[in-house]
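Trainee: Could you have a look at this structure, given as structure tokens, before my questions?
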Amino acid sequence: MTVGKSTITKRWVLNTLGVIIVVLLGVVAVAMMLFKEQYYESVRLTMNSRATGMVSSYFNLSSTDSDEAFNLRAKDFVESFNDKNIMEVWVIDRYGNVVVSSSGFSVANEEYPDYYEAKTAENGKANWIGRTSSGEHIMSLTFMLNGAHGQQQGAVRYIISLQDLDAQLWTVFCLLLFLCLVIIAFVTISGMFFIRSIVYPVKRINETALRITNGDWSARIEGQKYDDEIGQLSTTINNMAHEINETDRMKNEFLSTISHELRTPLTAIKGWGETLLDTPAKDEALQEKGLEVIINESARLSDLVDELLDFSRMESGNMTMRFDRFDLLQTLKEVVMTFKERSLRETIDLESTIPQISVQMYGDENRIKQVFFNVLDNAFKYTDAGGCVYVKATAEKKNTVEITVTDTGCGIAPEDLPHVTEKFYKANTAVRGSGIGLAVVSEIVEKHEGKLEIQSEPGKGTTVQLIFPVEAIQEDDGGQTPKGE
Ligand code: ADP
């Protein structure tokens, strides 16, 4: 898998920069249209207001004039026209011929559509924007001149060049375009910086994630500068890689532990099987001892397989619970009893203080037994001969019962303590164990809404505290079981 050309950059160019460019160009186009409209309108108004006064003062008496008199008046009008430097003026007679023009040039080839429009217009005026025969951009305004009876006697046409105005509009357009380019350049540069700050770290994260995917669990994302979403993603991936690394390490350790755990009893069983095969039938003592070892080791194998099965069910979420009412302390007493023989065998003193009360709990009795068994098994496993295991139950609160199992064993180092309930975690590799006992205990306690806490001091011992919610506590005889029951 290769990292292709950054699609984030492409998307940004398309979605952000593209939109900005289109919007800016749209704004420039609309602004130019409005400017142009506004400019032309102001020229039109100026032309209109100047022309109206002049025309009425010269031609309002022309109603009865002959064509010659009209022509004379027209010449007079054009000669006395003061705005020659900004406008040109034509006088057109009633036949549509240009009688006189202020520029003095020939107007033979010129078009004047505004004249024909004004002739039919109600107010006798018309405006036109177009190009002269020489290509000059102009605006013109034609006024019809009416006689006393309303008959059209001719027209005055004002013409103004739009060249200067167009040049001004062009300058404004160039300025706006330049402004747009500056904005686009600014947006592009800042956008590129922003994208670089995303794309490059993401590429780095992707490369590291690929290395992790390919099994290099020591790979870490380095050099993350900011604590933003990308920084958080890097931290999450680093943590994930660390977790995978740890899980892998624990899995390997677990496999080697389990292989060892399986091989030890199997070796004993095989060894004793072979010994018994070679032993004369009369040696009953040896036979008895061998069979005892075979039975014990088979039981241990069976327990281990049960533990593994439980763990696998727990992992796949299929650990079934059969909830019912039972007496919690009665169950505890039964489990403690089963350790009596072991305590004698291993010369570890087993003591207990369990009040003679009936405690009704709603839960899975077999699972709770498993909890007590695992915790007591650990207490014995990690305590040397001559040590002591002490089980105590108290029901001081109304709805909870607290059970503690204290031993005088090797204890747990402070750095291992927070991890001992994690699956496969073994703080003490010198002692046999799969590393999943406390993980199963923790899961069962959680399913019963109970609490599990472990305090330990290396070299001094460990106290496992279990708190279970219960339904009812009834005094039996108020007494307590004697020490060492
Ligand atoms: P294991 O099968 O290895 O005992 P557990 O999950 O039961 O696995 O316990 C995890 C680790 O916690 C053990 O490897 C051991 O180091 C530590 N531990 C548990 N209980 C005790 C105890 N009572 N005393 C000392 N260490 C203990």
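Residue numbers start at 1 in each chain; chains themselves are named A, B, ... in the order of the structure tokens; ligands are numbered from 1 in the order shown.
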Show me which residues line ligand 1, defined as having an atom within 8 Å of a ligand atom where only C-alpha atoms and all ligand atoms count, and present them as a PyMOL selection string.
Mentor: chain A and resi 374-376+378-383+406-407+409-412+416-417+419-429+431-440+456+461-464
Trainee: Using the selection just defined, write its residues with C-alpha atoms as a tab-separated table (two decimals), in the first residue's frame.
Mentor:
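In the end it all went to selection36.tsv:
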chain	number	residue	atom	x	y	z
A	374	ASN	CA	-8.76	-18.56	43.34
A	375	VAL	CA	-7.99	-15.98	46.05
A	376	LEU	CA	-7.24	-18.66	48.67
A	378	ASN	CA	-3.07	-17.61	45.46
A	379	ALA	CA	-2.65	-16.98	49.20
A	380	PHE	CA	-1.34	-20.55	49.64
A	381	LYS	CA	0.68	-20.51	46.42
A	382	TYR	CA	2.59	-17.37	47.33
A	383	THR	CA	3.10	-18.20	51.03
A	406	THR	CA	-4.64	-12.07	54.25
A	407	ASP	CA	-1.45	-14.02	53.89
A	409	GLY	CA	3.56	-14.58	51.74
A	410	CYS	CA	6.01	-12.94	49.38
A	411	GLY	CA	3.77	-9.94	48.63
A	412	ILE	CA	3.53	-7.99	45.40
A	416	ASP	CA	3.08	-4.86	39.75
A	417	LEU	CA	0.13	-4.28	42.05
A	419	HIS	CA	-1.59	-4.95	36.94
A	420	VAL	CA	-2.20	-8.22	38.76
A	421	THR	CA	-5.87	-8.32	37.76
A	422	GLU	CA	-4.94	-7.99	34.08
A	423	LYS	CA	-5.07	-11.10	31.96
A	424	PHE	CA	-1.80	-13.05	31.59
A	425	TYR	CA	-0.08	-10.78	34.11
A	426	LYS	CA	2.30	-12.66	36.35
A	427	ALA	CA	4.26	-10.68	38.89
A	428	ASN	CA	5.95	-13.76	40.22
A	429	THR	CA	7.26	-16.09	37.55
A	431	VAL	CA	5.61	-19.82	41.15
A	432	ARG	CA	3.34	-21.93	38.95
A	433	GLY	CA	0.31	-20.16	37.60
A	434	SER	CA	-1.34	-19.14	34.35
A	435	GLY	CA	-1.72	-15.42	35.15
A	436	ILE	CA	-5.44	-15.45	34.52
A	437	GLY	CA	-6.82	-16.35	37.96
A	438	LEU	CA	-7.26	-12.78	39.23
A	439	ALA	CA	-8.55	-11.60	35.84
A	440	VAL	CA	-11.37	-14.15	36.14
A	456	SER	CA	0.37	-5.80	49.51
A	461	GLY	CA	2.18	-10.37	52.71
A	462	THR	CA	-0.95	-9.59	50.79
A	463	THR	CA	-4.55	-8.76	51.67
A	464	VAL	CA	-7.26	-9.34	49.10
Trainee: If I take CA of Ile198 (chain A) and CA of Asn238 (chain A), how far is one from the other in Å, to one decimal?
Mentor: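 For CA of Ile198 (chain A) relative to CA of Asn238 (chain A), the distance reads 17.8 Å.
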Trainee: Going by DSSP on the backbone, which residues of region 188-307 of chain A come out as helix (DSSP H, G or I)? List them as a compact mmCIF listing (two decimals) with C-alpha atoms, in the first residue's frame.
Mentor:
# COMPACT_ATOMS: atom_id res chain seq x y z
CA THR A 188 -3.40 29.79 -0.78
CA ILE A 189 -0.27 30.44 1.28
CA SER A 190 -2.05 30.21 4.63
CA GLY A 191 -4.03 27.19 3.36
CA MET A 192 -0.84 25.43 2.26
CA PHE A 193 0.74 26.03 5.66
CA PHE A 194 -2.40 24.66 7.31
CA ILE A 195 -2.53 21.66 4.99
CA ARG A 196 1.14 20.92 5.51
CA SER A 197 0.49 20.93 9.25
CA ILE A 198 -2.16 18.26 8.66
CA VAL A 199 -0.95 16.28 5.66
CA TYR A 200 2.64 15.70 6.77
CA PRO A 201 1.80 14.50 10.29
CA VAL A 202 -0.99 12.33 8.84
CA LYS A 203 1.50 10.82 6.37
CA ARG A 204 3.88 10.15 9.24
CA ILE A 205 1.07 8.60 11.27
CA ASN A 206 0.06 6.47 8.29
CA GLU A 207 3.63 5.25 7.77
CA THR A 208 3.97 4.35 11.43
CA ALA A 209 0.52 2.69 11.45
CA LEU A 210 1.63 0.62 8.42
CA ARG A 211 4.76 -0.44 10.26
CA ILE A 212 2.63 -1.43 13.24
CA THR A 213 0.25 -3.33 10.91
CA GLU A 229 -6.62 16.34 17.19
CA ILE A 230 -3.61 15.02 15.26
CA GLY A 231 -1.46 15.12 18.38
CA GLN A 232 -4.18 13.20 20.21
CA LEU A 233 -4.42 10.70 17.35
CA SER A 234 -0.65 10.16 17.51
CA THR A 235 -0.82 9.61 21.27
CA THR A 236 -3.73 7.18 20.82
CA ILE A 237 -1.85 5.21 18.14
CA ASN A 238 1.31 5.18 20.26
CA ASN A 239 -0.72 3.92 23.24
CA MET A 240 -2.39 1.35 21.00
CA ALA A 241 1.00 0.12 19.73
CA HIS A 242 2.23 -0.04 23.32
CA GLU A 243 -0.85 -2.04 24.33
CA ILE A 244 -0.46 -4.41 21.37
CA ASN A 245 3.20 -4.83 22.22
CA GLU A 246 2.36 -5.58 25.83
CA THR A 247 -0.45 -7.96 24.90
CA ASP A 248 1.85 -9.74 22.47
CA ARG A 249 4.55 -10.02 25.09
CA MET A 250 2.02 -11.33 27.62
CA LYS A 251 0.58 -13.76 25.06
CA ASN A 252 4.05 -15.18 24.44
CA GLU A 253 4.72 -15.40 28.15
CA PHE A 254 1.31 -16.97 28.64
CA LEU A 255 2.00 -19.60 25.98
CA SER A 256 5.31 -20.51 27.54
CA THR A 257 3.77 -20.54 31.05
CA ILE A 258 0.87 -22.69 29.94
CA SER A 259 3.13 -25.08 28.06
CA HIS A 260 5.18 -25.39 31.21
CA GLU A 261 2.05 -25.79 33.36
CA LEU A 262 0.83 -28.56 31.09
CA ARG A 263 4.14 -30.29 30.76
CA THR A 264 4.94 -30.55 34.48
CA PRO A 265 1.92 -32.70 35.43
CA LEU A 266 2.14 -34.62 32.16
CA THR A 267 5.78 -35.46 32.87
CA ALA A 268 4.83 -36.62 36.35
CA ILE A 269 1.95 -38.71 35.03
CA LYS A 270 4.09 -40.22 32.29
CA GLY A 271 7.00 -40.86 34.65
CA TRP A 272 4.84 -42.54 37.25
CA GLY A 273 2.97 -44.52 34.58
CA GLU A 274 6.25 -45.92 33.30
CA THR A 275 7.47 -46.59 36.85
CA LEU A 276 4.26 -48.45 37.68
CA LEU A 277 4.57 -50.48 34.51
CA ASP A 278 8.00 -51.65 35.58
CA GLU A 284 1.62 -51.89 46.85
CA ALA A 285 3.08 -48.86 48.66
CA LEU A 286 4.83 -47.67 45.53
CA GLN A 287 1.77 -48.37 43.42
CA GLU A 288 -0.40 -46.39 45.80
CA LYS A 289 1.98 -43.45 45.80
CA GLY A 290 2.24 -43.49 41.99
CA LEU A 291 -1.51 -43.61 41.49
CA GLU A 292 -1.95 -40.81 44.00
CA VAL A 293 0.48 -38.62 42.05
CA ILE A 294 -1.24 -39.51 38.78
CA ILE A 295 -4.67 -38.62 40.23
CA ASN A 296 -3.42 -35.36 41.77
CA GLU A 297 -1.61 -34.27 38.64
CA SER A 298 -4.62 -35.19 36.49
CA ALA A 299 -6.80 -33.10 38.82
CA ARG A 300 -4.39 -30.22 38.44
CA LEU A 301 -4.50 -30.56 34.66
CA SER A 302 -8.27 -30.67 34.79
CA ASP A 303 -8.35 -27.51 36.96
CA LEU A 304 -6.02 -25.76 34.56
CA VAL A 305 -8.17 -26.71 31.58
CA ASP A 306 -11.27 -25.51 33.46
CA GLU A 307 -9.53 -22.21 34.20
Trainee: Using CA of Glu79 (chain A) and CA of Asn146 (chain A) as the two end points, give the distance in Å to one decimal.
Mentor: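 Taking CA of Glu79 (chain A) and CA of Asn146 (chain A), their separation equals 21.3 Å.
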Trainee: So that I can check the surroundings of region 322-335 of chain A, please list as a PyMOL selection string every protein, DNA and RNA residue that reaches within 10 Å of it, counting only C-alpha atoms and ignoring chain neighbours fewer than 5 positions away.
Mentor: chain A and resi 340+352-373+376+391-394+401+403+448+468+470-473+481+485
Trainee: Just list as a short mmCIF file (atom, residue, chain, number, x, y, z; two decimals) with N, CA and C atoms, in the first residue's frame whatever in region 318-379 of chain A DSSP marks as strand (DSSP E or B).
Mentor:
data_model
loop_
_atom_site.label_atom_id
_atom_site.label_comp_id
_atom_site.auth_asym_id
_atom_site.auth_seq_id
_atom_site.Cartn_x
_atom_site.Cartn_y
_atom_site.Cartn_z
N ASP A 324 -29.06 -16.94 41.58
CA ASP A 324 -30.05 -17.49 42.50
C ASP A 324 -29.71 -16.97 43.90
N ARG A 325 -30.61 -17.28 44.87
CA ARG A 325 -30.30 -16.83 46.25
C ARG A 325 -29.47 -17.91 46.95
N PHE A 326 -28.45 -17.49 47.66
CA PHE A 326 -27.65 -18.47 48.44
C PHE A 326 -27.03 -17.74 49.62
N ASP A 327 -26.50 -18.55 50.56
CA ASP A 327 -25.89 -17.97 51.77
C ASP A 327 -24.40 -17.77 51.50
N ASP A 349 -0.54 -22.14 58.22
CA ASP A 349 -1.64 -22.02 59.17
C ASP A 349 -2.84 -21.36 58.48
N LEU A 350 -4.01 -21.99 58.57
CA LEU A 350 -5.22 -21.38 57.99
C LEU A 350 -6.17 -21.01 59.11
N GLU A 351 -6.44 -19.73 59.21
CA GLU A 351 -7.35 -19.27 60.26
C GLU A 351 -8.48 -18.49 59.62
N SER A 352 -9.63 -18.48 60.32
CA SER A 352 -10.74 -17.69 59.75
C SER A 352 -11.63 -17.15 60.84
N THR A 353 -12.21 -16.00 60.57
CA THR A 353 -13.20 -15.40 61.46
C THR A 353 -14.42 -15.10 60.60
N PRO A 355 -18.53 -14.72 60.89
CA PRO A 355 -19.64 -14.64 61.85
C PRO A 355 -20.73 -15.68 61.56
N GLN A 356 -21.36 -16.10 62.63
CA GLN A 356 -22.44 -17.09 62.48
C GLN A 356 -23.74 -16.38 62.12
N ILE A 357 -23.78 -15.89 60.99
CA ILE A 357 -25.00 -15.21 60.53
C ILE A 357 -25.33 -15.72 59.14
N SER A 358 -26.59 -15.51 58.80
CA SER A 358 -26.96 -15.96 57.46
C SER A 358 -27.01 -14.73 56.55
N VAL A 359 -26.29 -14.80 55.46
CA VAL A 359 -26.23 -13.65 54.55
C VAL A 359 -26.81 -14.07 53.20
N GLN A 360 -27.93 -13.49 52.87
CA GLN A 360 -28.58 -13.85 51.59
C GLN A 360 -28.01 -13.00 50.47
N MET A 361 -27.48 -13.70 49.48
CA MET A 361 -26.96 -12.96 48.33
C MET A 361 -27.61 -13.49 47.07
N TYR A 362 -27.81 -12.60 46.13
CA TYR A 362 -28.38 -13.01 44.84
C TYR A 362 -27.24 -13.02 43.84
N GLY A 363 -26.85 -14.23 43.41
CA GLY A 363 -25.72 -14.32 42.48
C GLY A 363 -25.50 -15.76 42.06
#
Trainee: What is the distance between CA of Val441 (chain A) and CA of Gly317 (chain A), in Å to one decimal?
Mentor: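 For CA of Val441 (chain A) relative to CA of Gly317 (chain A), the distance reads 14.7 Å.
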Trainee: Hey, which of A:Gln151, A:Gln224, A:Gln168, A:Gln163 ends up closest to Ile138 (chain A)? Count only C-alpha atoms.
Mentor: A:Gln163
